[in-house]
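Okay, final_29.csv now, which holds CSV, C-alpha atoms and all ligand atoms:
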```
chain,number,residue,atom,x,y,z
A,1,MET,CA,115.5,91.2,103.7
A,2,GLU,CA,118.7,93.2,104.4
A,3,ALA,CA,118.6,96.3,102.3
A,4,ARG,CA,122.3,97.0,102.3
A,5,ALA,CA,123.1,93.5,101.0
A,6,GLN,CA,120.8,94.0,98.1
A,7,VAL,CA,122.9,96.8,96.8
A,8,ASP,CA,125.7,94.3,96.3
A,9,HIS,CA,123.6,93.0,93.4
A,10,ALA,CA,124.4,96.3,91.7
A,11,ALA,CA,125.5,95.1,88.3
A,12,GLN,CA,122.6,92.7,88.1
A,13,ILE,CA,120.1,95.4,89.0
A,14,ALA,CA,121.4,97.7,86.3
A,15,GLU,CA,121.2,94.9,83.8
A,16,ARG,CA,117.5,94.2,84.7
A,17,ALA,CA,116.7,97.9,84.4
A,18,ARG,CA,118.3,98.0,80.9
A,19,ALA,CA,116.2,95.0,79.9
A,20,VAL,CA,113.0,96.7,80.9
A,21,ILE,CA,113.9,99.9,79.0
A,22,ASP,CA,115.0,97.9,75.9
A,23,GLU,CA,111.8,96.0,75.9
A,24,VAL,CA,109.6,99.1,76.1
A,25,ALA,CA,111.8,100.8,73.5
A,26,ARG,CA,110.8,98.1,71.0
A,27,VAL,CA,107.2,99.5,71.1
A,28,PHE,CA,107.6,103.1,72.1
A,29,ILE,CA,109.9,105.0,69.8
A,30,GLY,CA,111.2,108.1,71.6
A,31,PRO,CA,113.6,109.3,74.3
A,32,ARG,CA,114.9,106.4,76.5
A,33,GLU,CA,114.9,108.9,79.4
A,34,ILE,CA,111.1,108.8,79.4
A,35,ILE,CA,111.1,105.0,79.9
A,36,GLU,CA,113.8,105.3,82.5
A,37,LEU,CA,111.6,107.8,84.4
A,38,LEU,CA,108.7,105.4,84.5
A,39,LEU,CA,110.9,102.7,85.9
A,40,VAL,CA,112.5,105.0,88.5
A,41,SER,CA,109.0,106.0,89.6
A,42,ALA,CA,107.8,102.4,89.9
A,43,VAL,CA,110.8,101.5,92.0
A,44,ALA,CA,110.3,104.6,94.1
A,45,LYS,CA,106.6,103.5,94.7
A,46,GLY,CA,105.5,106.6,92.9
A,47,HIS,CA,102.6,107.2,90.5
A,48,VAL,CA,103.1,108.9,87.2
A,49,LEU,CA,101.1,111.4,85.2
A,50,LEU,CA,101.8,111.4,81.4
A,51,GLU,CA,100.8,114.7,79.8
A,52,GLY,CA,100.7,115.4,76.1
A,53,VAL,CA,98.5,116.2,73.1
A,54,PRO,CA,96.5,113.5,71.4
A,55,GLY,CA,98.4,110.9,69.4
A,56,VAL,CA,101.9,111.1,71.0
A,57,ALA,CA,101.8,107.6,72.4
A,58,LYS,CA,100.8,108.2,76.0
A,59,THR,CA,98.5,105.1,76.0
A,60,THR,CA,101.0,103.1,74.0
A,61,LEU,CA,103.9,103.8,76.4
A,62,ALA,CA,101.8,103.1,79.5
A,63,LYS,CA,100.6,99.8,78.1
A,64,ALA,CA,104.0,98.7,77.0
A,65,PHE,CA,105.6,99.6,80.3
A,66,ALA,CA,102.9,97.7,82.2
A,67,ALA,CA,103.4,94.7,80.1
A,68,THR,CA,107.1,94.5,80.9
A,69,LEU,CA,106.2,94.5,84.6
A,70,GLY,CA,104.2,91.3,84.1
A,71,SER,CA,101.8,92.2,86.9
A,72,THR,CA,98.1,92.3,86.9
A,73,TYR,CA,97.1,95.3,84.8
A,74,ARG,CA,93.9,97.1,84.2
A,75,ARG,CA,93.0,100.1,82.1
A,76,ILE,CA,90.3,102.6,83.2
A,77,GLN,CA,89.1,104.9,80.4
A,78,PHE,CA,87.9,108.0,82.2
A,79,THR,CA,84.7,109.5,80.7
A,80,PRO,CA,82.2,112.1,81.9
A,81,ASP,CA,79.8,109.5,83.1
A,82,LEU,CA,82.3,107.3,85.0
A,83,LEU,CA,81.3,106.8,88.6
A,84,PRO,CA,83.6,106.3,91.7
A,85,ALA,CA,82.1,102.7,92.0
A,86,ASP,CA,83.2,102.0,88.4
A,87,ILE,CA,86.8,102.3,89.8
A,88,THR,CA,86.6,100.8,93.3
A,89,GLY,CA,83.9,98.2,92.9
A,90,THR,CA,80.4,97.4,94.2
A,91,TYR,CA,78.6,94.9,96.3
A,92,VAL,CA,76.3,92.7,94.2
A,93,LEU,CA,73.7,90.2,95.3
A,94,SER,CA,74.9,86.6,94.9
A,95,PRO,CA,72.0,84.5,93.5
A,96,LYS,CA,73.5,81.4,95.2
A,97,ASP,CA,73.0,82.3,98.8
A,98,GLY,CA,71.4,85.7,98.7
A,99,THR,CA,74.3,87.5,100.3
A,100,PHE,CA,76.2,90.5,99.0
A,101,VAL,CA,79.6,89.9,97.6
A,102,LEU,CA,82.2,92.5,96.5
A,103,ARG,CA,82.8,92.7,92.8
A,104,GLU,CA,86.2,94.3,92.8
A,105,GLY,CA,86.7,97.3,90.5
A,106,PRO,CA,89.6,97.8,88.1
A,107,ILE,CA,91.6,99.5,90.8
A,108,PHE,CA,92.4,96.1,92.2
A,109,ALA,CA,95.5,95.5,90.0
A,110,ASN,CA,99.2,96.0,90.3
A,111,VAL,CA,99.4,98.5,87.5
A,112,VAL,CA,96.4,100.7,86.7
A,113,LEU,CA,96.3,102.9,83.7
A,114,GLY,CA,94.0,105.8,84.3
A,115,ASP,CA,93.5,107.0,80.7
A,116,GLU,CA,92.5,110.6,80.1
A,117,ILE,CA,92.0,111.2,83.7
A,118,ASN,CA,90.8,114.8,83.2
A,119,ARG,CA,87.7,113.6,81.3
A,120,ALA,CA,85.9,112.5,84.4
A,121,PRO,CA,84.3,114.8,87.0
A,122,ALA,CA,86.2,115.6,90.3
A,123,LYS,CA,84.3,113.0,92.4
A,124,THR,CA,85.4,110.2,90.2
A,125,GLN,CA,89.0,111.5,90.0
A,126,SER,CA,89.0,111.5,93.8
A,127,ALA,CA,88.3,107.8,93.9
A,128,LEU,CA,91.5,107.1,92.0
A,129,LEU,CA,93.5,109.7,93.8
A,130,GLU,CA,92.4,108.5,97.2
A,131,ALA,CA,93.4,105.0,96.3
A,132,MET,CA,96.8,106.3,95.2
A,133,GLN,CA,97.3,108.2,98.4
A,134,GLU,CA,96.1,105.5,100.8
A,135,THR,CA,96.7,102.3,98.9
A,136,GLN,CA,93.3,101.3,100.0
A,137,VAL,CA,89.7,102.0,99.0
A,138,THR,CA,86.5,102.3,100.9
A,139,ILE,CA,83.5,100.7,99.3
A,140,GLU,CA,80.1,101.3,101.0
A,141,GLY,CA,81.9,101.9,104.3
A,142,GLU,CA,84.2,98.9,104.1
A,143,THR,CA,87.9,99.5,103.7
A,144,ARG,CA,89.9,97.2,101.4
A,145,VAL,CA,93.7,97.3,101.1
A,146,LEU,CA,95.2,97.3,97.6
A,147,PRO,CA,97.9,94.7,97.5
A,148,PRO,CA,101.4,95.9,96.5
A,149,PRO,CA,103.0,96.6,94.2
A,150,PHE,CA,100.4,99.2,93.3
A,151,LEU,CA,101.3,101.7,90.6
A,152,VAL,CA,99.0,104.2,88.8
A,153,ILE,CA,100.0,105.6,85.4
A,154,ALA,CA,97.5,108.3,84.4
A,155,THR,CA,97.4,110.2,81.2
A,156,GLN,CA,95.9,113.6,80.4
A,157,ASN,CA,95.6,115.9,77.5
A,158,PRO,CA,96.7,119.5,78.4
A,159,VAL,CA,94.6,121.2,75.7
A,160,GLU,CA,91.6,122.9,77.2
A,161,GLN,CA,88.8,121.0,75.7
A,162,GLU,CA,85.1,121.1,76.2
A,163,GLY,CA,84.1,118.5,78.9
A,164,THR,CA,87.4,118.2,80.6
A,165,TYR,CA,88.0,118.7,84.3
A,166,PRO,CA,91.6,119.8,85.1
A,167,LEU,CA,93.0,118.1,88.2
A,168,PRO,CA,93.1,120.3,91.2
A,169,GLU,CA,96.6,121.3,92.4
A,170,ALA,CA,96.3,119.3,95.6
A,171,GLN,CA,95.7,116.2,93.6
A,172,ILE,CA,98.4,116.8,91.1
A,173,ASP,CA,100.8,116.6,94.1
A,174,ARG,CA,99.8,112.9,94.6
A,175,PHE,CA,101.8,112.1,91.5
A,176,LEU,CA,105.5,111.5,92.1
A,177,MET,CA,106.3,112.6,88.6
A,178,MET,CA,104.7,114.3,85.7
A,179,ILE,CA,106.2,113.5,82.3
A,180,GLN,CA,105.7,115.7,79.3
A,181,MET,CA,105.3,113.8,76.1
A,182,ARG,CA,106.2,115.9,73.1
A,183,TYR,CA,106.1,115.4,69.4
A,184,PRO,CA,108.7,113.0,68.1
A,185,SER,CA,111.8,114.2,66.3
A,186,ARG,CA,111.6,113.8,62.5
A,187,GLU,CA,113.9,110.9,62.6
A,188,ASP,CA,111.8,109.1,65.3
A,189,GLU,CA,108.6,109.8,63.5
A,190,ARG,CA,110.1,108.2,60.4
A,191,ARG,CA,111.0,105.1,62.5
A,192,ILE,CA,107.4,105.1,63.8
A,193,LEU,CA,106.0,105.1,60.3
A,194,LYS,CA,108.4,102.3,59.2
A,195,SER,CA,107.6,100.2,62.2
A,196,PHE,CA,103.9,100.3,61.3
A,197,MET,CA,104.6,98.9,57.9
A,198,SER,CA,105.5,95.6,59.4
A,199,VAL,CA,104.0,93.8,62.4
A,200,VAL,CA,103.8,96.2,65.4
A,201,PRO,CA,105.7,94.6,68.3
A,202,GLN,CA,104.1,93.8,71.6
A,203,ALA,CA,106.0,94.3,74.9
A,204,ARG,CA,106.7,91.2,76.8
A,205,ARG,CA,107.1,90.5,80.5
A,206,VAL,CA,110.6,91.3,81.9
A,207,LEU,CA,110.0,91.8,85.7
A,208,GLY,CA,107.5,90.1,88.0
A,209,PRO,CA,105.7,91.7,90.9
A,210,GLU,CA,108.0,90.0,93.4
A,211,GLU,CA,111.0,91.6,91.7
A,212,ILE,CA,109.4,95.0,91.8
A,213,LEU,CA,108.8,94.6,95.5
A,214,TRP,CA,112.4,93.5,96.0
A,215,LEU,CA,113.7,96.6,94.1
A,216,GLN,CA,111.4,98.9,96.1
A,217,GLU,CA,112.8,97.5,99.3
A,218,ALA,CA,116.4,97.7,98.0
A,219,VAL,CA,116.1,101.5,97.6
A,220,ARG,CA,116.4,101.8,101.3
A,221,GLY,CA,120.0,100.6,101.1
A,222,VAL,CA,121.1,103.5,98.8
A,223,HIS,CA,123.3,106.0,100.7
A,224,VAL,CA,122.7,109.8,100.6
A,225,GLU,CA,125.3,112.4,101.7
A,226,ASP,CA,124.3,115.4,103.7
A,227,GLU,CA,125.4,117.7,100.8
A,228,ILE,CA,122.7,116.0,98.6
A,229,LEU,CA,120.1,116.6,101.3
A,230,ASP,CA,121.1,120.3,101.5
A,231,TYR,CA,120.9,120.5,97.7
A,232,ILE,CA,117.3,119.2,97.7
A,233,THR,CA,116.2,121.5,100.4
A,234,ALA,CA,117.9,124.5,98.7
A,235,LEU,CA,116.1,123.7,95.4
A,236,SER,CA,112.7,123.5,97.1
A,237,ALA,CA,113.4,126.7,99.1
A,238,PHE,CA,114.3,128.5,95.8
A,239,THR,CA,110.9,127.7,94.4
A,240,ARG,CA,109.2,129.0,97.5
A,241,ASN,CA,111.0,132.3,97.4
A,242,HIS,CA,110.6,132.8,93.7
A,243,GLY,CA,108.7,136.0,92.7
A,244,ARG,CA,106.7,134.2,90.0
A,245,VAL,CA,105.7,131.3,92.1
A,246,PHE,CA,102.6,131.4,94.2
A,247,LEU,CA,103.0,128.0,95.8
A,248,GLY,CA,106.4,126.3,95.8
A,249,ALA,CA,107.6,122.8,96.3
A,250,SER,CA,106.3,121.2,99.6
A,251,PRO,CA,108.3,118.9,101.9
A,252,ARG,CA,106.3,116.1,100.2
A,253,ALA,CA,107.9,117.2,96.9
A,254,SER,CA,111.4,117.2,98.5
A,255,LEU,CA,110.8,113.7,99.9
A,256,GLY,CA,109.7,112.6,96.5
A,257,LEU,CA,112.9,114.0,94.9
A,258,LEU,CA,115.0,112.2,97.5
A,259,HIS,CA,113.2,108.9,97.0
A,260,ALA,CA,113.2,109.1,93.2
A,261,ALA,CA,117.0,109.9,93.3
A,262,ARG,CA,117.7,106.8,95.4
A,263,ALA,CA,115.7,104.7,93.0
A,264,ARG,CA,117.6,106.1,90.1
A,265,ALA,CA,120.9,105.4,91.8
A,266,LEU,CA,119.8,101.8,92.5
A,267,LEU,CA,118.8,101.2,88.9
A,268,ALA,CA,122.1,102.6,87.7
A,269,GLY,CA,123.8,100.1,89.8
A,270,ARG,CA,125.1,102.6,92.3
A,271,ALA,CA,124.9,102.4,96.1
A,272,TYR,CA,124.8,106.2,96.6
A,273,VAL,CA,123.1,109.2,95.1
A,274,VAL,CA,125.1,111.6,92.9
A,275,PRO,CA,124.1,115.2,92.1
A,276,ASP,CA,123.2,114.1,88.6
A,277,ASP,CA,120.4,111.9,90.0
A,278,ILE,CA,118.8,115.1,91.5
A,279,LYS,CA,119.4,117.2,88.4
A,280,SER,CA,117.8,114.7,86.0
A,281,LEU,CA,114.8,114.3,88.2
A,282,ALA,CA,114.1,117.8,89.5
A,283,VAL,CA,111.9,118.8,86.6
A,284,PRO,CA,109.7,115.7,86.4
A,285,VAL,CA,109.4,115.5,90.2
A,286,LEU,CA,109.0,119.2,91.1
A,287,ALA,CA,107.7,121.2,88.3
A,288,HIS,CA,104.1,120.0,88.2
A,289,ARG,CA,103.5,120.9,91.8
A,290,LEU,CA,104.3,124.6,91.5
A,291,VAL,CA,101.5,127.1,91.3
A,292,LEU,CA,102.6,130.2,89.4
A,293,THR,CA,101.4,133.7,90.1
A,294,PRO,CA,98.6,134.9,87.9
A,295,GLU,CA,101.0,137.4,86.2
A,296,ALA,CA,103.5,134.6,85.5
A,297,GLU,CA,100.6,132.5,84.0
A,298,MET,CA,99.6,135.4,81.9
A,299,ASP,CA,103.0,136.0,80.3
A,300,GLY,CA,103.6,132.3,79.7
A,301,THR,CA,106.3,131.5,82.2
A,302,SER,CA,106.6,127.7,82.4
A,303,ARG,CA,106.9,125.8,85.6
A,304,ASP,CA,109.8,123.8,84.1
A,305,SER,CA,111.8,127.1,83.6
A,306,VAL,CA,111.5,127.9,87.3
A,307,ILE,CA,113.1,124.5,88.2
A,308,VAL,CA,115.8,124.9,85.5
A,309,GLU,CA,116.6,128.3,87.0
A,310,ALA,CA,116.8,126.8,90.4
A,311,MET,CA,119.4,124.3,89.2
A,312,GLN,CA,121.4,127.1,87.5
A,313,LYS,CA,121.4,129.3,90.6
A,314,VAL,CA,121.4,127.0,93.6
A,315,PRO,CA,125.1,126.1,94.3
A,316,LEU,CA,126.1,122.5,94.9
A,317,ARG,CA,128.4,122.5,97.9
A,318,ARG,CA,131.8,120.9,97.4
A,319,GLY,CA,132.1,117.4,98.6
A,320,ALA,CA,128.7,116.5,97.2
A,321,GLY,CA,130.5,114.6,94.4
B,1,LIG,N1,106.5,107.4,69.8
B,1,LIG,C1,105.8,106.5,69.3
B,1,LIG,N2,106.2,105.2,69.2
B,1,LIG,C2,105.4,104.2,68.7
B,1,LIG,N3,104.2,104.4,68.3
B,1,LIG,C3,103.7,105.7,68.3
B,1,LIG,C4,104.5,106.8,68.8
B,1,LIG,N4,103.7,107.9,68.7
B,1,LIG,C5,102.5,107.5,68.2
B,1,LIG,N5,102.5,106.2,67.9
B,1,LIG,C6,101.3,105.5,67.4
B,1,LIG,O1,100.3,106.4,67.2
B,1,LIG,C7,99.1,105.9,67.6
B,1,LIG,C8,98.5,106.8,68.7
B,1,LIG,O2,99.2,106.6,70.0
B,1,LIG,P1,98.4,106.6,71.4
B,1,LIG,O3,97.0,106.1,71.2
B,1,LIG,O4,99.3,105.9,72.3
B,1,LIG,O5,98.4,108.1,71.7
B,1,LIG,P2,97.8,108.9,72.9
B,1,LIG,O6,98.9,109.9,73.3
B,1,LIG,O7,97.4,108.0,74.0
B,1,LIG,O8,96.6,109.7,72.3
B,1,LIG,P3,95.2,110.2,73.0
B,1,LIG,O9,95.6,111.4,73.7
B,1,LIG,O10,94.4,110.5,71.8
B,1,LIG,O11,94.7,109.1,73.8
B,1,LIG,C9,99.3,104.5,68.1
B,1,LIG,O12,99.0,103.6,67.0
B,1,LIG,C10,100.8,104.5,68.4
B,1,LIG,O13,101.3,103.2,68.2
B,2,MG,MG,95.5,107.6,74.8
```
Rewrite the coordinates I just gave you, this time as structure tokens.
Amino acid sequence: MEARAQVDHAAQIAERARAVIDEVARVFIGPREIIELLLVSAVAKGHVLLEGVPGVAKTTLAKAFAATLGSTYRRIQFTPDLLPADITGTYVLSPKDGTFVLREGPIFANVVLGDEINRAPAKTQSALLEAMQETQVTIEGETRVLPPPFLVIATQNPVEQEGTYPLPEAQIDRFLMMIQMRYPSREDERRILKSFMSVVPQARRVLGPEEILWLQEAVRGVHVEDEILDYITALSAFTRNHGRVFLGASPRASLGLLHAARARALLAGRAYVVPDDIKSLAVPVLAHRLVLTPEAEMDGTSRDSVIVEAMQKVPLRRGAG
């Protein structure tokens, strides 16, 4: 497949993207930007963490989005007693011929919803995060590749609760994006109430797995000017030199931003990245990876605010569009 030729389908791609977002928006009532971020992430081959307090439609959104992708979909409810093998699978004795056969765990799906990921202990979280990193799993010493597309949407509740295990920083970094789910506006909440008075809609399939793979491939045809690369590295450098930041954005974070920006451009029907792609993705791609200093944590500085400050202070060199 020739990547550049695929960009010629620009208008068609943008139309497909809109169709996915419209379909999810029938079920999830809230900012379209959130749905758009999910799609950008999927096309950038990135995993997403949805964070928010209980009852703000994290599960609803993840399920609706998965349904529009029309791929194999599994949900894993994380609980304190969940074991790594409950995710990856186990060998079971076949009564027919007395041999051991693999019973694949729920990780063997195109879209995996890891619901309430911080409710399982670290060892079980690692099974999921390793699969995300390697797109393969090791079961009793045997390695199995997870067939593409493979996308994890995880949810977590940020409120410190008894029996929760916060994800370690190194693992948070495995997520291309973290999306904050907030309370709906009064208007949206009214629409949610209204929609529940009639039949609650179900999301239907819009894209198939082949189409996702095709889009993921087409990202490579999106052009990026040097000025855009400079802008990305300057934003990351800003976070590393910030007085309230203990650990800034890594090169993996910069690469994530570049990749997501190309996917966003593609889905907008553009063959090149514009500064606005970077600006609208910097918070969801970078903020969750920052580790603030203890003082900054104490006085309630938010990681988002550091990224917003970076965008205000880092100049965009002329010629970058
Ligand atoms: N923005 C919204 N659009 C549509 N339905 C919503 C919205 N917000 C809440 N709801 C409805 O509220 C209920 C709770 O949503 P859901 O279970 O998805 O929340 P959650 O964030 O996953 O909660 P928890 O953290 O407890 O798992 C569902 O019936 C859902 O349909
Ligand atoms: Mg939920």
**Asked** At most 12 Å from (90.1, 108.0, 93.7), file frame, all atoms listed in the file: which residues, as number ranges by chain?
**Response** A: 76, 78, 82-89, 105-107, 112, 114, 117, 120-139, 152, 154, 167, 171, 174
**Request:** Please identify every polymer residue within 10 Å of ligand LIG 1 (chain B), using only C-alpha atoms and all ligand atoms, and present the set as a VMD selection string.
**Result:** chain A and resid 24 to 31 50 to 64 77 115 to 116 155 to 158 181 to 185 188 to 189 191 to 193 195 to 196 200 to 201
Produce a file of the selected residues containing C-alpha atoms, as a tab-separated table (two decimals), in the coordinates of the input.
```tsv
chain	number	residue	atom	x	y	z
A	24	VAL	CA	109.60	99.10	76.10
A	25	ALA	CA	111.80	100.80	73.50
A	26	ARG	CA	110.80	98.10	71.00
A	27	VAL	CA	107.20	99.50	71.10
A	28	PHE	CA	107.60	103.10	72.10
A	29	ILE	CA	109.90	105.00	69.80
A	30	GLY	CA	111.20	108.10	71.60
A	31	PRO	CA	113.60	109.30	74.30
A	50	LEU	CA	101.80	111.40	81.40
A	51	GLU	CA	100.80	114.70	79.80
A	52	GLY	CA	100.70	115.40	76.10
A	53	VAL	CA	98.50	116.20	73.10
A	54	PRO	CA	96.50	113.50	71.40
A	55	GLY	CA	98.40	110.90	69.40
A	56	VAL	CA	101.90	111.10	71.00
A	57	ALA	CA	101.80	107.60	72.40
A	58	LYS	CA	100.80	108.20	76.00
A	59	THR	CA	98.50	105.10	76.00
A	60	THR	CA	101.00	103.10	74.00
A	61	LEU	CA	103.90	103.80	76.40
A	62	ALA	CA	101.80	103.10	79.50
A	63	LYS	CA	100.60	99.80	78.10
A	64	ALA	CA	104.00	98.70	77.00
A	77	GLN	CA	89.10	104.90	80.40
A	115	ASP	CA	93.50	107.00	80.70
A	116	GLU	CA	92.50	110.60	80.10
A	155	THR	CA	97.40	110.20	81.20
A	156	GLN	CA	95.90	113.60	80.40
A	157	ASN	CA	95.60	115.90	77.50
A	158	PRO	CA	96.70	119.50	78.40
A	181	MET	CA	105.30	113.80	76.10
A	182	ARG	CA	106.20	115.90	73.10
A	183	TYR	CA	106.10	115.40	69.40
A	184	PRO	CA	108.70	113.00	68.10
A	185	SER	CA	111.80	114.20	66.30
A	188	ASP	CA	111.80	109.10	65.30
A	189	GLU	CA	108.60	109.80	63.50
A	191	ARG	CA	111.00	105.10	62.50
A	192	ILE	CA	107.40	105.10	63.80
A	193	LEU	CA	106.00	105.10	60.30
A	195	SER	CA	107.60	100.20	62.20
A	196	PHE	CA	103.90	100.30	61.30
A	200	VAL	CA	103.80	96.20	65.40
A	201	PRO	CA	105.70	94.60	68.30
```
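For segment 292-295 of chain A, the list of residues within 9 Å, based on all atoms listed in the file and with local chain neighbours fewer than 5 positions off taken out, reads Gly243, Arg244, Val245, Phe246, Leu247, Gly248, Gly300, Thr301, Ser302 and Arg303 of chain A.
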**Request:** For atom CA of Arg289 of chain A and atom CA of Leu37 of chain A, quote the distance in Å rounded to one decimal.
**Result:** 17.1 Å
**Asked** At what distance in Å, to one decimal, does atom CA of Ala265 of chain A lie from atom CA of Leu69 of chain A?
**Response** 19.7 Å
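Shortest separation to ligand MG 2 (chain B) among A:His223, A:Lys279, A:Arg75, A:Arg205 occurs at residue A:Arg75, atoms counted being all atoms listed in the file.
Atom CA of Glu104 of chain A to atom CA of Thr90 of chain A spans 6.7 Å [interatomic distance, one decimal].
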**Item:** Neighbour list for Pro147 of chain A as a ChimeraX atom specification, cut-off 9 Å, all atoms listed in the file, skip fewer than 2 positions in-chain
**Value:** /A:108-110,135-136,145,149-150
Export, as a short mmCIF file (atom, residue, chain, number, x, y, z; two decimals), in the coordinates of the input, the selected residues with C-alpha atoms.
```
data_model
loop_
_atom_site.label_atom_id
_atom_site.label_comp_id
_atom_site.auth_asym_id
_atom_site.auth_seq_id
_atom_site.Cartn_x
_atom_site.Cartn_y
_atom_site.Cartn_z
CA PHE A 108 92.40 96.10 92.20
CA ALA A 109 95.50 95.50 90.00
CA ASN A 110 99.20 96.00 90.30
CA THR A 135 96.70 102.30 98.90
CA GLN A 136 93.30 101.30 100.00
CA VAL A 145 93.70 97.30 101.10
CA PRO A 149 103.00 96.60 94.20
CA PHE A 150 100.40 99.20 93.30
#
```
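A search radius of 12 Å centred on (117.4, 131.7, 88.5), applied to all atoms listed in the file, returns the residues Leu235, Phe238, Thr239, Asn241, His242, Gly243, Arg244, Asp304, Ser305, Val306, Ile307, Val308, Glu309, Ala310, Met311, Gln312, Lys313, Val314 and Pro315 of chain A.
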**Message:** Using only C-alpha atoms and all ligand atoms, can you tell me which of A:Val206, A:Leu113, A:Val291, A:Val219 comes closest to ligand MG 2 (chain B)?
**Reply:** A:Leu113
**Request:** Have a look at A:Arg190, A:Arg119, A:Arg262, A:Lys96 and name the one nearest to ligand MG 2 (chain B); count all atoms listed in the file.
**Result:**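 Closest to ligand MG 2 (chain B), using all atoms listed in the file: A:Arg119.
Compared by their closest atoms to Ile13 of chain A, and using only C-alpha atoms, the residues A:Gly269, A:Gly98, A:Pro284, A:Pro275 rank with A:Gly269 nearest.
With all atoms listed in the file as the atoms that count, the minimum distance from Ser254 of chain A to the choices A:Thr143, A:Gln202, A:Thr79, A:Ser236 is reached by A:Ser236.
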**Prompt:** Nearest to ligand MG 2 (chain B): which of A:Tyr73, A:Arg317, A:Ile153, A:Val285 is it, counting only C-alpha atoms and all ligand atoms?
**Reply:**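 Of the candidates, the smallest distance to ligand MG 2 (chain B) is held by A:Ile153.
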